[in-house]
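**Student:** What follows is a structure written as structure tokens; I'll ask about it next.
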Amino acid sequence: MRCPYCGGSETQVKDSRPSEDGAAIRRRRVCPDCAGRFTTFERVQLREVVVLKRSGKRVPFDRDKLQRSIDVALRKRAVEPERIERLVSGITRQLESAGEPEVTSEAIGELVMAGLKGLDDVAYVRFASVYKNFREAKDFEDLLGTLGDGILPPAAAPGPDAAAEPEAGAPGRRRAGRP
Ligand SMILES: [Zn+2]
């Protein structure tokens, strides 16, 4: 493992232990050349997952990107890091074990929304408002109708840095009978 600071190749493992959810090994490393310290995670990857985006582009599934999009939705929410880790690992496992050659970004977005709904209502609405784009105000009302009070308006939504980010300019879903 190369040092991220100086590029040295002889970094040493100082400490090694399971992550909070037991799905990874966390290693604390130090570089003898520059004394830089960093942490690496070793995880089981059951198989490579390819994500088919709305644009038609295919990209490798990126667990870190999924983690970031969930972190953004959960910003300043009182949710234990351990539960977030379990959600990210759970979604990753579902994708890896689904047996499909590729998975759509929509399908990942649905998994994230289902997971967030059980974790934190506000984070759920934040993610959904970006993911679904709320092209129709009705969608937002429908969503709010399924939740309690204390929900932020879509203006407070995070930027579209989501693993399942909607492509800009993608056509919105329209209901039959509506203009
Ligand atoms: Zn170094």
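We label chains A, B, ... in the order they appear in the structure tokens, count residues from 1 in each chain, and number ligands from 1 in the order shown.
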Step by step, measure atom-to-atom distances between ligand 1 and each residue using only C-alpha atoms and all ligand atoms, keep those at most 8 Å, then write them as a ChimeraX atom specification.
**Tutor:** /A:2-8,11,30-36
**Student:** Could you give me, as an NGL selection string, each residue of region 24-120 of chain A that DSSP assigns to alpha helix (DSSP H) when run on this structure's backbone?
**Tutor:** :A and (63-73 or 81-96 or 105-119)
**Student:** Taking C-alpha atoms for each residue, export the selection above as an mmCIF file, in the first residue's frame.
**Tutor:**
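Listed below is the output, part_15.cif:
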```cif
data_model
loop_
_atom_site.group_PDB
_atom_site.id
_atom_site.type_symbol
_atom_site.label_atom_id
_atom_site.label_comp_id
_atom_site.auth_asym_id
_atom_site.auth_seq_id
_atom_site.Cartn_x
_atom_site.Cartn_y
_atom_site.Cartn_z
ATOM 1 C CA ARG A 63 -18.951 1.852 -2.488
ATOM 2 C CA ASP A 64 -17.289 5.098 -1.390
ATOM 3 C CA LYS A 65 -19.527 7.104 -3.689
ATOM 4 C CA LEU A 66 -22.578 5.363 -2.250
ATOM 5 C CA GLN A 67 -21.296 6.141 1.239
ATOM 6 C CA ARG A 68 -20.787 9.819 0.368
ATOM 7 C CA SER A 69 -24.259 10.259 -1.074
ATOM 8 C CA ILE A 70 -25.771 8.710 2.052
ATOM 9 C CA ASP A 71 -23.539 10.848 4.297
ATOM 10 C CA VAL A 72 -24.701 13.985 2.488
ATOM 11 C CA ALA A 73 -28.352 13.049 2.978
ATOM 12 C CA PRO A 81 -22.103 5.942 12.217
ATOM 13 C CA GLU A 82 -22.466 2.229 12.888
ATOM 14 C CA ARG A 83 -25.992 2.208 11.477
ATOM 15 C CA ILE A 84 -24.890 4.149 8.401
ATOM 16 C CA GLU A 85 -22.060 1.675 7.870
ATOM 17 C CA ARG A 86 -24.529 -1.188 8.100
ATOM 18 C CA LEU A 87 -26.810 0.472 5.554
ATOM 19 C CA VAL A 88 -23.973 0.995 3.072
ATOM 20 C CA SER A 89 -22.698 -2.570 3.577
ATOM 21 C CA GLY A 90 -26.212 -3.942 3.288
ATOM 22 C CA ILE A 91 -26.880 -2.204 -0.020
ATOM 23 C CA THR A 92 -23.479 -3.246 -1.353
ATOM 24 C CA ARG A 93 -24.114 -6.877 -0.411
ATOM 25 C CA GLN A 94 -27.544 -6.811 -2.030
ATOM 26 C CA LEU A 95 -26.035 -5.526 -5.262
ATOM 27 C CA GLU A 96 -23.162 -7.993 -5.223
ATOM 28 C CA SER A 105 -28.707 3.632 -11.010
ATOM 29 C CA GLU A 106 -32.477 3.774 -10.452
ATOM 30 C CA ALA A 107 -32.406 0.425 -8.671
ATOM 31 C CA ILE A 108 -29.604 1.634 -6.386
ATOM 32 C CA GLY A 109 -31.559 4.814 -5.674
ATOM 33 C CA GLU A 110 -34.569 2.726 -4.675
ATOM 34 C CA LEU A 111 -32.431 0.659 -2.297
ATOM 35 C CA VAL A 112 -30.996 3.816 -0.737
ATOM 36 C CA MET A 113 -34.438 5.340 -0.305
ATOM 37 C CA ALA A 114 -35.798 2.161 1.273
ATOM 38 C CA GLY A 115 -32.831 2.080 3.669
ATOM 39 C CA LEU A 116 -33.009 5.767 4.569
ATOM 40 C CA LYS A 117 -36.731 5.581 5.166
ATOM 41 C CA GLY A 118 -36.098 3.188 8.018
ATOM 42 C CA LEU A 119 -33.171 5.225 9.309
#
```
**Student:** Write out as a list in words which residues come within 12 Å of Ala24 (chain A) when counting only C-alpha atoms, dropping same-chain ones fewer than 4 positions away.
**Tutor:**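 That gives Ser16, Arg17, Pro18, Ser19, Glu20, Thr40, Phe41, Glu42, Arg43, Val44, Gln45, Glu85, Arg86 and Ser89 of chain A.
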**Student:** Grab the residues selected above and save them as a PDB file, in the first residue's frame with N, CA and C atoms.
**Tutor:**
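As a result, again.pdb now contains:
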```
ATOM      1  N   SER A  16      -4.608  -3.232  13.529  1.00  0.00           N
ATOM      2  CA  SER A  16      -5.518  -3.898  12.615  1.00  0.00           C
ATOM      3  C   SER A  16      -6.694  -4.434  13.410  1.00  0.00           C
ATOM      4  N   ARG A  17      -7.890  -3.994  13.062  1.00  0.00           N
ATOM      5  CA  ARG A  17      -9.053  -4.515  13.801  1.00  0.00           C
ATOM      6  C   ARG A  17     -10.318  -4.418  12.950  1.00  0.00           C
ATOM      7  N   PRO A  18     -11.350  -5.188  13.323  1.00  0.00           N
ATOM      8  CA  PRO A  18     -12.589  -5.159  12.530  1.00  0.00           C
ATOM      9  C   PRO A  18     -13.254  -3.790  12.619  1.00  0.00           C
ATOM     10  N   SER A  19     -13.931  -3.375  11.546  1.00  0.00           N
ATOM     11  CA  SER A  19     -14.700  -2.132  11.581  1.00  0.00           C
ATOM     12  C   SER A  19     -15.919  -2.341  12.470  1.00  0.00           C
ATOM     13  N   GLU A  20     -16.659  -1.262  12.686  1.00  0.00           N
ATOM     14  CA  GLU A  20     -17.782  -1.325  13.627  1.00  0.00           C
ATOM     15  C   GLU A  20     -18.797  -2.427  13.297  1.00  0.00           C
ATOM     16  N   THR A  40      -6.591   2.233   6.109  1.00  0.00           N
ATOM     17  CA  THR A  40      -7.156   1.519   4.960  1.00  0.00           C
ATOM     18  C   THR A  40      -8.205   0.525   5.464  1.00  0.00           C
ATOM     19  N   PHE A  41      -9.134   0.193   4.574  1.00  0.00           N
ATOM     20  CA  PHE A  41     -10.178  -0.786   4.893  1.00  0.00           C
ATOM     21  C   PHE A  41     -10.071  -1.943   3.921  1.00  0.00           C
ATOM     22  N   GLU A  42     -10.116  -3.134   4.465  1.00  0.00           N
ATOM     23  CA  GLU A  42     -10.123  -4.319   3.617  1.00  0.00           C
ATOM     24  C   GLU A  42     -11.505  -4.944   3.710  1.00  0.00           C
ATOM     25  N   ARG A  43     -12.158  -5.082   2.552  1.00  0.00           N
ATOM     26  CA  ARG A  43     -13.516  -5.613   2.534  1.00  0.00           C
ATOM     27  C   ARG A  43     -13.622  -6.785   1.569  1.00  0.00           C
ATOM     28  N   VAL A  44     -14.537  -7.674   1.879  1.00  0.00           N
ATOM     29  CA  VAL A  44     -14.832  -8.762   0.949  1.00  0.00           C
ATOM     30  C   VAL A  44     -15.650  -8.184  -0.205  1.00  0.00           C
ATOM     31  N   GLN A  45     -15.229  -8.464  -1.419  1.00  0.00           N
ATOM     32  CA  GLN A  45     -16.041  -8.096  -2.574  1.00  0.00           C
ATOM     33  C   GLN A  45     -16.481  -9.376  -3.238  1.00  0.00           C
ATOM     34  N   GLU A  85     -22.974   2.687   8.406  1.00  0.00           N
ATOM     35  CA  GLU A  85     -22.060   1.675   7.870  1.00  0.00           C
ATOM     36  C   GLU A  85     -22.820   0.398   7.498  1.00  0.00           C
ATOM     37  N   ARG A  86     -23.742   0.029   8.374  1.00  0.00           N
ATOM     38  CA  ARG A  86     -24.529  -1.188   8.100  1.00  0.00           C
ATOM     39  C   ARG A  86     -25.415  -1.010   6.873  1.00  0.00           C
ATOM     40  N   SER A  89     -23.109  -1.177   3.789  1.00  0.00           N
ATOM     41  CA  SER A  89     -22.698  -2.570   3.577  1.00  0.00           C
ATOM     42  C   SER A  89     -23.863  -3.420   3.095  1.00  0.00           C
TER      43      SER A  89
END
```
**Student:** What gap, in Å, lies between CA of Ser97 (chain A) and CA of Val50 (chain A)?
**Tutor:**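 So the two atoms, CA of Ser97 (chain A) and CA of Val50 (chain A), lie 12.5 Å apart.
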**Student:** Looking at only C-alpha atoms, which of A:Val122, A:Leu46, A:Met1, A:Val51 is the one that sits closest to Arg75 (chain A)?
**Tutor:** A:Val122
**Student:** For Arg58 (chain A), which residue out of A:Phe38, A:Asp120, A:Val103, A:Arg26 is the nearest one, using only C-alpha atoms?
**Tutor:** A:Val103
